[in-house]
file upload-v6.cif (mmCIF, C-alpha atoms)
data_final
loop_
_atom_site.group_PDB
_atom_site.id
_atom_site.type_symbol
_atom_site.label_atom_id
_atom_site.label_comp_id
_atom_site.auth_asym_id
_atom_site.auth_seq_id
_atom_site.Cartn_x
_atom_site.Cartn_y
_atom_site.Cartn_z
ATOM 1 C CA MET P 1 -3.190 -35.381 -18.074
ATOM 2 C CA LYS P 2 -4.032 -35.770 -14.357
ATOM 3 C CA HIS P 3 -0.943 -33.742 -13.450
ATOM 4 C CA PHE P 4 -1.922 -30.980 -15.858
ATOM 5 C CA ILE P 5 -5.422 -30.725 -14.373
ATOM 6 C CA SER P 6 -4.021 -30.679 -10.822
ATOM 7 C CA LEU P 7 -1.541 -28.000 -11.773
ATOM 8 C CA PHE P 8 -4.261 -25.957 -13.478
ATOM 9 C CA ILE P 9 -6.513 -26.148 -10.400
ATOM 10 C CA ALA P 10 -3.622 -25.185 -8.106
ATOM 11 C CA CYS P 11 -2.818 -22.170 -10.310
ATOM 12 C CA LEU P 12 -6.474 -21.158 -10.360
ATOM 13 C CA ILE P 13 -6.701 -21.292 -6.553
ATOM 14 C CA CYS P 14 -3.487 -19.262 -6.173
ATOM 15 C CA SER P 15 -4.696 -16.721 -8.711
ATOM 16 C CA CYS P 16 -8.010 -16.284 -6.872
ATOM 17 C CA ALA P 17 -6.205 -15.931 -3.543
ATOM 18 C CA SER P 18 -3.854 -13.364 -5.076
ATOM 19 C CA ALA P 19 -6.735 -11.385 -6.585
ATOM 20 C CA GLN P 20 -8.540 -11.451 -3.243
ATOM 21 C CA LEU P 21 -5.375 -10.259 -1.468
ATOM 22 C CA SER P 22 -5.031 -7.348 -3.916
ATOM 23 C CA LYS P 23 -8.655 -6.380 -3.361
ATOM 24 C CA PHE P 24 -8.191 -6.265 0.427
ATOM 25 C CA GLN P 25 -4.890 -4.391 0.140
ATOM 26 C CA ALA P 26 -6.589 -1.793 -2.074
ATOM 27 C CA LEU P 27 -9.395 -1.343 0.445
ATOM 28 C CA TYR P 28 -6.873 -0.965 3.260
ATOM 29 C CA LEU P 29 -4.906 1.608 1.262
ATOM 30 C CA MET P 30 -8.071 3.634 0.793
ATOM 31 C CA GLN P 31 -8.686 3.550 4.549
ATOM 32 C CA PHE P 32 -5.094 4.614 5.212
ATOM 33 C CA ALA P 33 -5.611 7.517 2.801
ATOM 34 C CA LYS P 34 -8.850 8.610 4.466
ATOM 35 C CA ASN P 35 -7.417 8.323 7.979
ATOM 36 C CA THR P 36 -4.164 10.224 7.520
ATOM 37 C CA SER P 37 -3.700 13.960 7.992
ATOM 38 C CA TRP P 38 -2.462 15.365 4.684
ATOM 39 C CA PRO P 39 -0.889 18.790 4.136
ATOM 40 C CA GLN P 40 -3.484 21.536 3.597
ATOM 41 C CA GLU P 41 -1.556 22.904 0.617
ATOM 42 C CA ASP P 42 -2.348 19.683 -1.277
ATOM 43 C CA ASN P 43 -6.131 20.273 -1.175
ATOM 44 C CA GLY P 44 -7.561 20.346 -4.664
ATOM 45 C CA LYS P 45 -4.567 18.545 -6.196
ATOM 46 C CA PRO P 46 -4.942 14.914 -7.282
ATOM 47 C CA PHE P 47 -4.323 12.343 -4.549
ATOM 48 C CA VAL P 48 -1.488 10.273 -6.014
ATOM 49 C CA ILE P 49 -0.903 6.631 -5.127
ATOM 50 C CA THR P 50 2.170 5.111 -6.740
ATOM 51 C CA VAL P 51 2.307 1.326 -6.910
ATOM 52 C CA VAL P 52 5.739 -0.197 -7.455
ATOM 53 C CA ALA P 53 5.819 -3.727 -8.871
ATOM 54 C CA ASP P 54 2.269 -4.931 -8.201
ATOM 55 C CA ASN P 55 0.036 -4.861 -11.275
ATOM 56 C CA ALA P 56 -2.896 -6.614 -9.595
ATOM 57 C CA LEU P 57 -3.036 -4.018 -6.811
ATOM 58 C CA ALA P 58 -2.744 -1.147 -9.290
ATOM 59 C CA THR P 59 -5.689 -2.574 -11.242
ATOM 60 C CA GLU P 60 -7.818 -2.798 -8.079
ATOM 61 C CA LEU P 61 -6.906 0.752 -7.092
ATOM 62 C CA LYS P 62 -7.750 2.097 -10.561
ATOM 63 C CA SER P 63 -11.171 0.490 -10.280
ATOM 64 C CA ILE P 64 -11.763 2.211 -6.930
ATOM 65 C CA ALA P 65 -10.324 5.522 -8.150
ATOM 66 C CA ALA P 66 -12.865 5.640 -10.971
ATOM 67 C CA THR P 67 -15.698 6.221 -8.481
ATOM 68 C CA LYS P 68 -14.120 7.445 -5.225
ATOM 69 C CA SER P 69 -12.098 10.402 -3.995
ATOM 70 C CA ILE P 70 -10.103 11.330 -0.902
ATOM 71 C CA GLY P 71 -11.939 14.336 0.473
ATOM 72 C CA ASN P 72 -12.150 16.761 -2.455
ATOM 73 C CA ARG P 73 -9.162 15.184 -4.213
ATOM 74 C CA GLN P 74 -9.485 12.900 -7.236
ATOM 75 C CA ILE P 75 -7.397 9.732 -6.976
ATOM 76 C CA GLN P 76 -4.632 9.125 -9.499
ATOM 77 C CA ILE P 77 -2.854 5.764 -9.675
ATOM 78 C CA ILE P 78 0.678 5.586 -11.071
ATOM 79 C CA GLU P 79 2.468 2.319 -11.783
ATOM 80 C CA ALA P 80 6.258 2.005 -11.562
ATOM 81 C CA ALA P 81 8.720 -0.840 -11.980
ATOM 82 C CA THR P 82 11.349 0.499 -9.548
ATOM 83 C CA VAL P 83 11.714 3.173 -6.872
ATOM 84 C CA THR P 84 13.949 5.460 -8.917
ATOM 85 C CA GLY P 85 12.518 8.658 -10.369
ATOM 86 C CA LEU P 86 9.076 8.429 -8.782
ATOM 87 C CA ALA P 87 6.640 11.307 -9.195
ATOM 88 C CA LYS P 88 5.480 13.194 -6.090
ATOM 89 C CA SER P 89 3.036 10.878 -4.369
ATOM 90 C CA ASP P 90 0.847 10.845 -1.284
ATOM 91 C CA ILE P 91 1.162 7.082 -0.850
ATOM 92 C CA ILE P 92 3.846 4.829 -2.290
ATOM 93 C CA TYR P 93 3.194 1.100 -2.154
ATOM 94 C CA LEU P 94 6.273 -1.087 -2.621
ATOM 95 C CA GLY P 95 5.419 -4.578 -3.841
ATOM 96 C CA GLU P 96 6.899 -7.586 -2.101
ATOM 97 C CA SER P 97 9.074 -8.494 -5.084
ATOM 98 C CA LYS P 98 10.912 -5.156 -4.775
ATOM 99 C CA SER P 99 11.188 -5.055 -0.970
ATOM 100 C CA ASN P 100 14.995 -5.036 -1.304
ATOM 101 C CA GLN P 101 14.582 -1.439 -2.579
ATOM 102 C CA MET P 102 12.942 -0.187 0.654
ATOM 103 C CA SER P 103 16.067 1.587 1.966
ATOM 104 C CA SER P 104 16.525 3.397 -1.359
ATOM 105 C CA LEU P 105 12.857 4.393 -1.392
ATOM 106 C CA VAL P 106 12.919 5.712 2.175
ATOM 107 C CA SER P 107 16.098 7.678 1.481
ATOM 108 C CA ALA P 108 14.764 9.175 -1.758
ATOM 109 C CA GLN P 109 11.471 10.193 -0.099
ATOM 110 C CA SER P 110 12.928 11.528 3.170
ATOM 111 C CA LYS P 111 11.981 15.149 2.395
ATOM 112 C CA ASN P 112 8.471 14.350 1.115
ATOM 113 C CA LYS P 113 5.208 14.029 2.996
ATOM 114 C CA VAL P 114 4.441 10.514 1.832
ATOM 115 C CA LEU P 115 3.032 7.389 3.432
ATOM 116 C CA ILE P 116 5.224 4.417 2.508
ATOM 117 C CA VAL P 117 3.425 1.065 2.568
ATOM 118 C CA SER P 118 5.032 -2.305 1.925
ATOM 119 C CA GLY P 119 3.635 -5.567 0.652
ATOM 120 C CA ALA P 120 6.343 -7.469 2.538
ATOM 121 C CA LYS P 121 6.337 -8.378 6.211
ATOM 122 C CA SER P 122 8.648 -6.561 8.653
ATOM 123 C CA MET P 123 9.487 -3.641 6.346
ATOM 124 C CA CYS P 124 8.692 -1.118 9.096
ATOM 125 C CA SER P 125 12.124 -1.966 10.505
ATOM 126 C CA HIS P 126 13.535 -0.704 7.178
ATOM 127 C CA GLY P 127 11.580 2.572 7.145
ATOM 128 C CA ALA P 128 8.060 1.743 5.912
ATOM 129 C CA GLY P 129 5.184 3.327 7.794
ATOM 130 C CA ILE P 130 2.951 0.303 7.221
ATOM 131 C CA SER P 131 3.709 -3.291 6.191
ATOM 132 C CA PHE P 132 1.055 -5.778 5.133
ATOM 133 C CA VAL P 133 1.239 -9.134 6.923
ATOM 134 C CA PRO P 134 -0.928 -11.965 5.587
ATOM 135 C CA GLU P 135 -1.467 -14.429 8.460
ATOM 136 C CA GLY P 136 -3.660 -17.490 8.565
ATOM 137 C CA GLY P 137 -5.757 -16.475 5.581
ATOM 138 C CA LYS P 138 -6.283 -12.946 6.942
ATOM 139 C CA LEU P 139 -4.617 -9.708 5.937
ATOM 140 C CA ASN P 140 -3.141 -7.746 8.841
ATOM 141 C CA PHE P 141 -0.638 -4.934 8.961
ATOM 142 C CA GLU P 142 2.192 -3.604 11.077
ATOM 143 C CA ILE P 143 2.344 0.139 11.688
ATOM 144 C CA HIS P 144 5.274 2.302 12.787
ATOM 145 C CA GLU P 145 3.992 5.731 13.839
ATOM 146 C CA GLY P 146 7.555 7.046 14.173
ATOM 147 C CA ASN P 147 8.324 6.308 10.520
ATOM 148 C CA ILE P 148 5.058 7.955 9.491
ATOM 149 C CA ALA P 149 5.840 11.031 11.621
ATOM 150 C CA LYS P 150 9.329 11.311 10.054
ATOM 151 C CA ASN P 151 7.534 11.991 6.776
ATOM 152 C CA GLY P 152 5.397 14.713 8.336
ATOM 153 C CA LEU P 153 2.179 12.704 8.536
ATOM 154 C CA LYS P 154 -0.084 11.365 11.245
ATOM 155 C CA VAL P 155 -2.633 8.550 11.111
ATOM 156 C CA THR P 156 -5.781 8.440 13.210
ATOM 157 C CA PRO P 157 -5.945 6.286 16.354
ATOM 158 C CA LYS P 158 -8.511 4.138 14.497
ATOM 159 C CA ILE P 159 -5.842 2.963 12.024
ATOM 160 C CA VAL P 160 -3.242 2.497 14.763
ATOM 161 C CA ALA P 161 -5.680 0.316 16.723
ATOM 162 C CA LEU P 162 -6.395 -1.887 13.692
ATOM 163 C CA GLY P 163 -2.731 -2.695 13.112
ATOM 164 C CA LYS P 164 0.064 -4.203 15.158
ATOM 165 C CA GLN P 165 2.276 -1.399 16.444
ATOM 166 C CA VAL P 166 6.003 -1.885 15.949
ATOM 167 C CA PHE P 167 8.808 0.381 17.105
#

call {"tool": "encode", "arguments": {"input": "upload-v6.cif", "output": "C-alpha cells"}}
result
Amino acid sequence: MKHFISLFIACLICSCASAQLSKFQALYLMQFAKNTSWPQEDNGKPFVITVVADNALATELKSIAATKSIGNRQIQIIEAATVTGLAKSDIIYLGESKSNQMSSLVSAQSKNKVLIVSGAKSMCSHGAGISFVPEGGKLNFEIHEGNIAKNGLKVTPKIVALGKQVF
C-alpha cells in the first residue's frame, strides 16, 4: 500500500509539472506569434497553429484561442498525430515524442511561410526555428534566425533576446 501511495504522489507531481510546462509553452507560442512578421496576404484569415503529438499543449492553446487573437486574426488550433499531410499553418509545434520527424517536417514545409517550433532540445540543428529547453525548473528556448528566415519570416529582436541564439 505504501508503494502505491508513493507512486500515486509521484505521478501527481509529474502530471502537475507537465501541465505547468504546457501552460508556459502555450504562453511562449502566443508571444512568438505576436512577435513574428507574417505575410500581409494572410490578414483576415485564421491564424493556424498545428500541434503534433502534444495533447496537453493543444488543450492549453485552445483555451487561449477562445479569448485571444493575433492582430485581427482568430486563432485556430489543429491537432495532428504525425507530420504528414498537415494543413497550411502559421506555426507548427512538433512534440518531443515525434522529434525524429523534424527533418521530414522541415522538408515538407520548405516552401511555406511557417514558424517551426520543437518541444525537444537542440532541434534547431535539424531545421526548427525555435526549440524549447527546460533547464533547472525553468523553460527556456533556443532560436535559429537563419532557419526562421528560410521560411520567409522574421521575429522581433525582443524574442531573439529572450532566447539562446544558435547557428

call {"tool": "residues_around", "arguments": {"input": "upload-v6.cif", "residues": "P:Lys88", "least_positions_apart": "5", "cutoff": "10 Å", "atoms": "only C-alpha atoms", "output": "number ranges by chain"}}
result
P: 47-50, 109, 112-114

call {"tool": "write_last_selection", "arguments": {"input": "upload-v6.cif", "atoms": "C-alpha atoms", "output": "CSV table (one decimal), keeping the file's coordinate frame"}}
result
chain,number,residue,atom,x,y,z
P,47,PHE,CA,-4.3,12.3,-4.5
P,48,VAL,CA,-1.5,10.3,-6.0
P,49,ILE,CA,-0.9,6.6,-5.1
P,50,THR,CA,2.2,5.1,-6.7
P,109,GLN,CA,11.5,10.2,-0.1
P,112,ASN,CA,8.5,14.4,1.1
P,113,LYS,CA,5.2,14.0,3.0
P,114,VAL,CA,4.4,10.5,1.8

call {"tool": "closest_residue", "arguments": {"input": "upload-v6.cif", "among": "P:Val166, P:Ile77, P:Leu153, P:Met123", "to": "P:Ser99", "atoms": "only C-alpha atoms"}}
result
P:Met123

call {"tool": "resolve_selection", "arguments": {"input": "upload-v6.cif", "expression": "the PyMOL selection byres ((chain P and resi 118) around 8)", "output": "list of chain:residue names"}}
result
P:Tyr93, P:Leu94, P:Gly95, P:Glu96, P:Ser99, P:Ile116, P:Val117, P:Gly119, P:Ala120, P:Lys121, P:Met123, P:Ala128, P:Ile130, P:Ser131, P:Phe132

call {"tool": "atom_distance", "arguments": {"input": "upload-v6.cif", "atom1": "atom CA of P:Lys150", "atom2": "atom CA of P:Ala65"}}
result
27.4 Å

call {"tool": "residues_around", "arguments": {"input": "upload-v6.cif", "residues": "stretch 162-165 of chain P", "least_positions_apart": "6", "cutoff": "9 Å", "atoms": "all atoms listed in the file", "output": "PyMOL selection string"}}
result
chain P and resi 130+140-145

call {"tool": "closest_residue", "arguments": {"input": "upload-v6.cif", "among": "P:Ser37, P:Ser104, P:Gln20, P:Ser89", "to": "P:Ile148", "atoms": "all atoms listed in the file"}}
result
P:Ser37

call {"tool": "closest_residue", "arguments": {"input": "upload-v6.cif", "among": "P:Ser122, P:Val106, P:Gly129, P:Val51", "to": "P:Val160", "atoms": "all atoms listed in the file"}}
result
P:Gly129

call {"tool": "atom_distance", "arguments": {"input": "upload-v6.cif", "atom1": "atom CA of P:Ile78", "atom2": "atom CA of P:Glu41"}}
result
21.0 Å

call {"tool": "residues_around", "arguments": {"input": "upload-v6.cif", "residues": "P:Lys34", "least_positions_apart": "2", "cutoff": "8 Å", "atoms": "only C-alpha atoms", "output": "list in words"}}
result
Met30, Gln31, Phe32, Thr36, Ile70 and Gly71 of chain P
